[in-house]
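Asker: Could you have a look at this structure, given as structure tokens, before my questions?
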Amino acid sequence: MAASKEYPWPLDLRVFGAIALVWSFYLVWTAVIGDPFASYIAPVRALIGGSVFYGSQAQIVLLVEAGVFWVMAVGMITGRRWSLLLGLFYMAETVVSYLIFIIAYMDTRAEWTHVQTAARIGPSLVLVTLYLWIRSRDLIFDPARRT
């Protein structure tokens, strides 16, 4: 359901959708060409569900994630309420995935740098999830707004 005339879709969510669209293009770039910020020697790497994927499996995971971000971005830019739920569920899964990864690989010396990076990224992922939760509460779960 699109945003109604009485309650226009907020600008901050449209901007969030534009950022998600750029992120989906970055994920496709990373899957096809490689991460421009990583070492040329390191293989493509993806994390989902607390599991780490490398090589062609990581490329598939990154392309699926890019598709999810693209659908979410198009939904947010066009003012679809389901895009908020998709974004909220995806970000909650990402937070849980990072937490599982940190706990599972904390004692693996070869993964220390990745665990430290995940621990640094974790709080910002939680903030984005909380932001989507607050916005979805106002636009989806508040009965007064739906009438």
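In the structure tokens, chains take the letters A, B, ... in the order shown, each chain's residues start at 1, and ligands count up from 1 in the order shown.
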If DSSP is run on the backbone, what residues of range 2-49 of chain A are alpha helix (DSSP H)? A reply as a PyMOL selection string would be ideal.
Answerer: chain A and resi 11-32
Asker: Near Trp133 in chain A, counting only C-alpha atoms, which residues have an atom at most 12 Å away, once you skip same-chain residues fewer than 6 positions from it, shown as a PDB file with C-alpha atoms, in the first residue's frame?
Answerer:
```pdb
ATOM      1  CA  LEU A  84       9.922  -0.795   5.965  1.00  0.00           C
ATOM      2  CA  LEU A  85       9.124  -4.303   7.167  1.00  0.00           C
ATOM      3  CA  LEU A  86      11.608  -5.804   4.719  1.00  0.00           C
ATOM      4  CA  GLY A  87      14.285  -3.379   5.878  1.00  0.00           C
ATOM      5  CA  LEU A  88      13.497  -3.984   9.533  1.00  0.00           C
ATOM      6  CA  PHE A  89      13.634  -7.764   9.203  1.00  0.00           C
ATOM      7  CA  TYR A  90      16.785  -7.673   7.101  1.00  0.00           C
ATOM      8  CA  MET A  91      18.608  -5.362   9.512  1.00  0.00           C
ATOM      9  CA  ALA A  92      17.531  -7.462  12.501  1.00  0.00           C
ATOM     10  CA  VAL A 126      21.929  -1.643  15.825  1.00  0.00           C
ATOM     11  CA  LEU A 127      21.316   2.107  15.391  1.00  0.00           C
ATOM     12  CA  LEU A 139       3.948   4.351   9.782  1.00  0.00           C
ATOM     13  CA  ILE A 140       2.832   0.731  10.095  1.00  0.00           C
ATOM     14  CA  PHE A 141       2.070  -0.326  13.641  1.00  0.00           C
ATOM     15  CA  ASP A 142       0.291   2.810  14.884  1.00  0.00           C
TER      16      ASP A 142
END
```
Asker: Taking only C-alpha atoms into account, produce a table as JSON lines in which each residue of range 49-111 of chain A with an atom at most 6 Å from an atom of range 18-39 of chain A appears once, together with its shortest atom pair and the distance in Å to one decimal, ordered by chain and rising number.
Answerer:
```
{"residue": "A:Gln59", "atom": "CA", "partner": "A:Ala31", "partner_atom": "CA", "distance": 4.6}
{"residue": "A:Leu62", "atom": "CA", "partner": "A:Ala31", "partner_atom": "CA", "distance": 5.8}
{"residue": "A:Leu63", "atom": "CA", "partner": "A:Val28", "partner_atom": "CA", "distance": 5.8}
{"residue": "A:Ala66", "atom": "CA", "partner": "A:Ser24", "partner_atom": "CA", "distance": 4.3}
{"residue": "A:Phe69", "atom": "CA", "partner": "A:Ser24", "partner_atom": "CA", "distance": 5.4}
{"residue": "A:Trp70", "atom": "CA", "partner": "A:Leu21", "partner_atom": "CA", "distance": 5.5}
{"residue": "A:Ala73", "atom": "CA", "partner": "A:Leu21", "partner_atom": "CA", "distance": 5.2}
```
Asker: Give the strand (DSSP E or B) residues of chain A, as assigned by DSSP on the backbone, as a ChimeraX atom specification.
Answerer: /A:2,45-48,51-54,80
Asker: Need to verify the contact set: Val52 in chain A, 12 Å, only C-alpha atoms, exclusion of same-chain residues closer than 4 positions in sequence. Can you return it as number ranges by chain?
Answerer: A: 43-48, 57-59, 61-62, 97-98, 100-102, 104-105, 111, 114-115
Asker: One number please: CA of Gly55 in chain A to CA of Asp107 in chain A, in Å, one decimal.
Answerer: 23.5 Å
Asker: Which one of A:Ile121, A:Ile60, A:Ala110, A:Leu132 sits closest to Leu13 in chain A if you count only C-alpha atoms?
Answerer: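 Smallest separation from Leu13 in chain A among the options: A:Leu132.
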Asker: For Ser136 in chain A, which residue among A:Val96, A:Arg81, A:Ala119, A:Tyr54 is the nearest when counting only C-alpha atoms?
Answerer: A:Arg81
